[in-house]
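The structure under discussion appears below in the form of structure tokens.
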Amino acid sequence: MKNLAFIQRNDTRFAVGDFSPVLSIFSYHDLGSTVSPFLLLDHIGPGRLLPSTQRKGVNDHPHRGFETVTIVYAGELEHRDSSGGGGIISAGDVQWMTAAAGIIHQERFSEGFTQSGGRFEMVQLWVNLPAADKMGPPRYQSLARAAIPVLELPDGAGSVRIIAGTHQGVAGPAQTHTRMNVLDVQLNAGQSAIFDSAEGDTALVYLLSGRLLFDKDQALEEQGLAVLSQQGAGVSVTATENSRLLVLSGERIDEPINGHGPFVMNSYEEILQAYDDVKNGRLGPGTAS
């Protein structure tokens, strides 16, 4: 079994475009290759949107070299991108956008949710691409709640939604470039669970709410990230309160990471090229509108 290596916390909240509050749990700037293939995790909300006629969110912006995964827990988000991908995702839905060679996209609260207002909460995860795929074609996957399999844990311990990878032989719908598991878990107080993670793989547990124990006495409080050892296989957690968590694991991409803002490549020269391509309309031609 993998052991707890360390706990990552960042209690500073800020805004990304009109999305606020946003808690940036980690990024490639602070953990870099430590948590490969994962690059960033932002927890958006929980918050409440007041009814309005003015739609809020993040307008057209570029990406290259990685994928964004947005999991909606509450609220409703609309995505549009320069490849023609897009749609509305609401509670329980996931969007998996592969920027690869380049995409321009926007993410805003839907028109209906803007008018009604209400509670919102989302997690956005950035996933790295291997060098061989960084300049491949963009792709957009809209994963509806009904398409994401749910497994009940034994003895009423909770449930697991399998977004990507597998759990107990059941596969999630997301198509990925490298082997990984993205599991959305509800674990009841006093219950334990074990999740697959191979020897040598990165394994992370992000706790949205509740309280967990690792190795019997090492506690993870809500909005904290547990980084597990690469040694050992499997991730074991115990909930001392009703808990909602993301279990992330995957094979490492042992290549250089050079990132700046919305671009994550392997070299500084590739970053400069990305900015030049944006300036000259060669990255994701057109707009998301």
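By order in the structure tokens, chains are A, B, ...; within a chain, residues start at 1; ligands start at 1, following the order shown.
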Range 143-249 of chain A residues near range 65-87 of chain A within 12 Å, closest pair each, using only C-alpha atoms, as a Markdown table:
| residue | atom | partner | partner_atom | distance |
| --- | --- | --- | --- | --- |
| A:Leu143 | CA | A:Ile71 | CA | 9.6 |
| A:Ala144 | CA | A:Ile71 | CA | 10.5 |
| A:Arg145 | CA | A:Val72 | CA | 9.7 |
| A:Ile148 | CA | A:Ile71 | CA | 11.7 |
| A:Arg161 | CA | A:Ile71 | CA | 11.4 |
| A:Ile163 | CA | A:Ile71 | CA | 9.4 |
| A:Ala164 | CA | A:Val69 | CA | 10.6 |
| A:Ala174 | CA | A:Val69 | CA | 9.9 |
| A:Gln175 | CA | A:Glu67 | CA | 11.3 |
| A:Thr176 | CA | A:Glu67 | CA | 9.4 |
| A:His177 | CA | A:Glu67 | CA | 9.7 |
| A:Thr178 | CA | A:Glu67 | CA | 11.5 |
| A:Val182 | CA | A:Val69 | CA | 9.9 |
| A:Leu183 | CA | A:Ile71 | CA | 10.9 |
| A:Asp184 | CA | A:Ile71 | CA | 9.1 |
| A:Leu208 | CA | A:Tyr73 | CA | 10.5 |
| A:Arg244 | CA | A:Tyr73 | CA | 10.6 |
| A:Leu245 | CA | A:Tyr73 | CA | 11.8 |
| A:Leu246 | CA | A:Ile71 | CA | 10.2 |
Could you take the residues named above and write them with N, CA, C and O atoms, as a compact mmCIF listing (two decimals), in the first residue's frame?
# COMPACT_ATOMS: atom_id res chain seq x y z
N LEU A 143 -18.94 14.66 -20.97
CA LEU A 143 -19.27 13.43 -20.25
C LEU A 143 -20.48 13.70 -19.35
O LEU A 143 -20.35 14.28 -18.27
N ALA A 144 -21.65 13.29 -19.82
CA ALA A 144 -22.88 13.53 -19.06
C ALA A 144 -22.91 12.65 -17.81
O ALA A 144 -22.35 11.55 -17.79
N ARG A 145 -23.56 13.15 -16.80
CA ARG A 145 -23.67 12.43 -15.53
C ARG A 145 -24.15 11.00 -15.76
O ARG A 145 -23.62 10.05 -15.15
N ILE A 148 -21.49 8.38 -16.74
CA ILE A 148 -20.39 8.09 -15.82
C ILE A 148 -20.84 7.00 -14.86
O ILE A 148 -21.76 7.21 -14.06
N ARG A 161 -17.72 7.32 -8.49
CA ARG A 161 -18.00 7.64 -9.90
C ARG A 161 -16.69 7.52 -10.66
O ARG A 161 -15.70 8.17 -10.32
N ILE A 163 -14.72 8.47 -13.62
CA ILE A 163 -14.66 9.42 -14.73
C ILE A 163 -13.67 8.95 -15.78
O ILE A 163 -13.93 9.00 -16.98
N ALA A 164 -12.51 8.50 -15.34
CA ALA A 164 -11.47 8.00 -16.25
C ALA A 164 -10.79 6.81 -15.59
O ALA A 164 -10.73 6.71 -14.36
N ALA A 174 -14.05 8.62 -20.10
CA ALA A 174 -13.07 9.57 -20.66
C ALA A 174 -11.98 8.85 -21.43
O ALA A 174 -11.44 7.84 -20.98
N GLN A 175 -11.67 9.39 -22.61
CA GLN A 175 -10.52 8.90 -23.38
C GLN A 175 -9.30 9.70 -22.96
O GLN A 175 -9.33 10.93 -22.97
N THR A 176 -8.23 9.01 -22.58
CA THR A 176 -7.03 9.68 -22.09
C THR A 176 -5.82 9.31 -22.95
O THR A 176 -5.81 8.27 -23.60
N HIS A 177 -4.80 10.18 -22.91
CA HIS A 177 -3.59 9.94 -23.69
C HIS A 177 -2.60 9.05 -22.95
O HIS A 177 -1.76 8.40 -23.58
N THR A 178 -2.65 9.06 -21.63
CA THR A 178 -1.83 8.18 -20.83
C THR A 178 -2.72 7.50 -19.80
O THR A 178 -3.84 7.94 -19.53
N VAL A 182 -9.35 8.79 -12.63
CA VAL A 182 -9.96 9.96 -12.01
C VAL A 182 -11.28 9.49 -11.41
O VAL A 182 -12.22 9.16 -12.13
N LEU A 183 -11.32 9.43 -10.07
CA LEU A 183 -12.45 8.86 -9.35
C LEU A 183 -13.05 9.90 -8.42
O LEU A 183 -12.34 10.55 -7.65
N ASP A 184 -14.36 10.07 -8.52
CA ASP A 184 -15.11 11.00 -7.68
C ASP A 184 -15.82 10.15 -6.61
O ASP A 184 -16.70 9.35 -6.95
N LEU A 208 -12.59 17.47 -0.88
CA LEU A 208 -13.45 18.64 -1.02
C LEU A 208 -14.13 18.98 0.30
O LEU A 208 -14.24 20.15 0.68
N ARG A 244 -16.30 13.92 0.72
CA ARG A 244 -16.30 13.93 -0.75
C ARG A 244 -14.86 14.14 -1.19
O ARG A 244 -14.20 15.10 -0.77
N LEU A 245 -14.34 13.25 -2.02
CA LEU A 245 -12.94 13.30 -2.39
C LEU A 245 -12.74 12.91 -3.84
O LEU A 245 -13.55 12.20 -4.44
N LEU A 246 -11.64 13.41 -4.40
CA LEU A 246 -11.18 12.98 -5.71
C LEU A 246 -9.93 12.14 -5.52
O LEU A 246 -8.98 12.57 -4.82
Report task. Output as an MDAnalysis selection string all residues of range 48-212 of chain A that backbone DSSP marks as helix (DSSP H, G or I). Result -> chainID A and resid 111:116 131:133 145:147 154:156
Query raised in the report: Counting only C-alpha atoms, which of A:Gln106, A:Gln141, A:Ser36, A:Gln8 gets nearest to Glu221 in chain A?
Result: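 Ranking A:Gln106, A:Gln141, A:Ser36, A:Gln8 by distance to Glu221 in chain A, first place goes to A:Gln8.
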Query raised in the report: So which residues of range 81-282 of chain A fall under strand (DSSP E or B) by DSSP, listed as a VMD selection string?
Result: chain A and resid 81 86 to 90 94 to 98 103 to 109 118 to 128 139 to 143 150 to 152 158 to 164 166 to 167 170 to 171 180 to 187 192 to 195 202 to 209 211 to 214 218 to 221 225 to 228 235 to 239 243 to 250 258 to 260 263 to 265
Query - Test item: residues at most 12 Å from Val278 in chain A, only C-alpha atoms, excluding those fewer than 4 positions along its chain, as an MDAnalysis selection string - result: chainID A and resid 60:64 101:104 262:263 271:274 282:287
Would you mind exporting N, CA and C atoms of the selected residues as a short mmCIF file (atom, residue, chain, number, x, y, z; two decimals), in the first residue's frame?
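Output file out-v1.cif follows:
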data_model
loop_
_atom_site.label_atom_id
_atom_site.label_comp_id
_atom_site.auth_asym_id
_atom_site.auth_seq_id
_atom_site.Cartn_x
_atom_site.Cartn_y
_atom_site.Cartn_z
N ASP A 60 -12.69 34.48 -23.99
CA ASP A 60 -11.73 33.81 -24.87
C ASP A 60 -10.30 33.87 -24.35
N HIS A 61 -9.67 32.69 -24.24
CA HIS A 61 -8.26 32.61 -23.86
C HIS A 61 -7.67 31.33 -24.46
N PRO A 62 -6.34 31.31 -24.70
CA PRO A 62 -5.73 30.17 -25.39
C PRO A 62 -5.16 29.13 -24.42
N HIS A 63 -4.96 27.91 -24.94
CA HIS A 63 -4.22 26.86 -24.24
C HIS A 63 -3.45 26.06 -25.28
N ARG A 64 -2.34 25.47 -24.83
CA ARG A 64 -1.58 24.53 -25.67
C ARG A 64 -0.82 23.57 -24.76
N ALA A 101 -2.35 21.03 -29.71
CA ALA A 101 -1.62 22.03 -30.50
C ALA A 101 -2.14 23.44 -30.29
N GLY A 102 -3.38 23.56 -29.84
CA GLY A 102 -3.85 24.90 -29.54
C GLY A 102 -5.34 25.05 -29.69
N ILE A 103 -5.91 25.75 -28.73
CA ILE A 103 -7.34 26.00 -28.74
C ILE A 103 -7.61 27.33 -28.06
N ILE A 104 -8.63 28.02 -28.51
CA ILE A 104 -9.11 29.21 -27.81
C ILE A 104 -10.51 28.88 -27.29
N PRO A 262 -1.06 30.03 -19.76
CA PRO A 262 -1.96 29.02 -20.32
C PRO A 262 -1.28 27.97 -21.18
N PHE A 263 0.06 27.94 -21.20
CA PHE A 263 0.80 27.00 -22.04
C PHE A 263 1.69 26.12 -21.17
N ILE A 271 7.41 27.58 -25.59
CA ILE A 271 6.52 28.58 -24.98
C ILE A 271 6.53 29.87 -25.80
N LEU A 272 7.73 30.31 -26.19
CA LEU A 272 7.84 31.51 -27.02
C LEU A 272 7.08 31.32 -28.34
N GLN A 273 7.18 30.11 -28.90
CA GLN A 273 6.47 29.84 -30.15
C GLN A 273 4.96 29.92 -29.96
N ALA A 274 4.48 29.44 -28.80
CA ALA A 274 3.04 29.49 -28.52
C ALA A 274 2.55 30.93 -28.48
N ARG A 282 -2.20 31.88 -35.31
CA ARG A 282 -1.94 30.50 -35.73
C ARG A 282 -2.34 29.47 -34.68
N LEU A 283 -2.70 29.92 -33.48
CA LEU A 283 -3.11 29.00 -32.42
C LEU A 283 -4.62 29.06 -32.27
N GLY A 284 -5.27 27.94 -32.56
CA GLY A 284 -6.73 27.91 -32.47
C GLY A 284 -7.34 29.03 -33.27
N PRO A 285 -7.16 29.08 -34.59
CA PRO A 285 -7.67 30.20 -35.39
C PRO A 285 -9.12 30.48 -35.10
N GLY A 286 -9.47 31.74 -35.03
CA GLY A 286 -10.84 32.14 -34.75
C GLY A 286 -11.04 32.34 -33.26
N THR A 287 -12.29 32.42 -32.87
CA THR A 287 -12.63 32.61 -31.45
C THR A 287 -13.61 31.55 -31.02
#
Near range 227-240 of chain A, counting only C-alpha atoms, which residues have an atom at most 10 Å away, once you skip same-chain residues fewer than 5 positions from it, shown as a JSON list (two decimals) with C-alpha atoms, in the first residue's frame?
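Everything below was put into around.json:
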[["chain", "number", "residue", "atom", "x", "y", "z"],
["A", 1, "MET", "CA", 0.00, 0.00, 0.00],
["A", 2, "LYS", "CA", 1.20, 3.53, -0.72],
["A", 3, "ASN", "CA", 2.06, 5.71, 2.29],
["A", 4, "LEU", "CA", 1.28, 9.39, 2.80],
["A", 5, "ALA", "CA", 4.30, 11.43, 1.61],
["A", 6, "PHE", "CA", 3.04, 14.93, 2.47],
["A", 7, "ILE", "CA", -0.01, 17.17, 2.58],
["A", 8, "GLN", "CA", -0.32, 20.20, 0.30],
["A", 34, "THR", "CA", 6.27, 15.62, -8.39],
["A", 35, "VAL", "CA", 2.62, 14.95, -9.25],
["A", 157, "ALA", "CA", -19.32, 2.59, 2.75],
["A", 186, "GLN", "CA", -18.28, 9.74, -1.49],
["A", 187, "LEU", "CA", -17.14, 7.95, 1.67],
["A", 188, "ASN", "CA", -19.29, 7.72, 4.77],
["A", 189, "ALA", "CA", -18.07, 8.43, 8.31],
["A", 190, "GLY", "CA", -16.33, 5.48, 9.93],
["A", 191, "GLN", "CA", -15.80, 3.68, 6.61],
["A", 192, "SER", "CA", -12.64, 2.73, 4.72],
["A", 193, "ALA", "CA", -11.90, 2.07, 1.06],
["A", 194, "ILE", "CA", -8.99, 0.98, -1.12],
["A", 195, "PHE", "CA", -8.39, 2.33, -4.64],
["A", 196, "ASP", "CA", -6.08, 0.91, -7.31],
["A", 197, "SER", "CA", -2.80, 2.67, -8.00],
["A", 198, "ALA", "CA", 0.15, 0.83, -9.51],
["A", 199, "GLU", "CA", 3.68, 0.69, -8.13],
["A", 200, "GLY", "CA", 5.60, 3.74, -9.41],
["A", 201, "ASP", "CA", 2.47, 5.72, -10.26],
["A", 202, "THR", "CA", 1.58, 9.13, -8.87],
["A", 203, "ALA", "CA", -1.36, 8.99, -6.44],
["A", 204, "LEU", "CA", -3.23, 12.00, -5.02],
["A", 205, "VAL", "CA", -6.32, 12.46, -2.86],
["A", 206, "TYR", "CA", -8.05, 15.85, -2.85],
["A", 210, "GLY", "CA", -15.08, 16.00, 5.38],
["A", 211, "ARG", "CA", -12.05, 14.47, 7.11],
["A", 212, "LEU", "CA", -9.85, 11.50, 6.22],
["A", 213, "LEU", "CA", -7.20, 9.40, 7.92],
["A", 214, "PHE", "CA", -4.14, 7.83, 6.28],
["A", 215, "ASP", "CA", -1.92, 5.24, 7.97],
["A", 216, "LYS", "CA", -4.40, 5.20, 10.91],
["A", 217, "ASP", "CA", -3.29, 8.49, 12.48],
["A", 219, "ALA", "CA", -5.35, 13.31, 9.17],
["A", 220, "LEU", "CA", -6.33, 15.18, 6.01],
["A", 247, "VAL", "CA", -8.74, 10.09, -6.08],
["A", 248, "LEU", "CA", -6.24, 10.75, -8.88],
["A", 249, "SER", "CA", -3.57, 8.32, -10.00],
["A", 252, "ARG", "CA", 4.21, 9.51, -14.75]]
Report task. With a distance cut-off of 8 Å and only C-alpha atoms, select the neighbouring residues of Ala171 in chain A, excluding the residue or stretch itself and same-chain residues fewer than 4 positions from it, and output the selection as a ChimeraX atom specification. Result -> /A:149,162,164-167
Suppose we keep C-alpha atoms; can you now write the selection as a CSV table (one decimal), in the first residue's frame?
chain,number,residue,atom,x,y,z
A,149,PRO,CA,-20.7,4.7,-14.1
A,162,ILE,CA,-15.5,6.5,-12.5
A,164,ALA,CA,-11.5,8.0,-16.2
A,165,GLY,CA,-9.6,4.7,-15.9
A,166,THR,CA,-11.0,1.8,-14.0
A,167,HIS,CA,-12.2,0.8,-10.5
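Residues with any atom within 6 Å of range 49-57 of chain A, counting only C-alpha atoms and excluding same-chain neighbours fewer than 6 positions away, are A:Gly17, A:Asp18, A:Phe19, A:Glu107, A:Arg108, A:Phe109, A:Thr114, A:Gln115, A:Ser116, A:Gly117, A:Gly118.
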Report summary line: As a check of understanding: the span from CA of Arg139 in chain A to CA of Ala100 in chain A is 8.1 Å
Query raised in the report: Could you work out how far CA of Lys134 in chain A lies from CA of His105 in chain A, giving the answer in Å with one decimal?
Result: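 It comes out at 17.2 Å.
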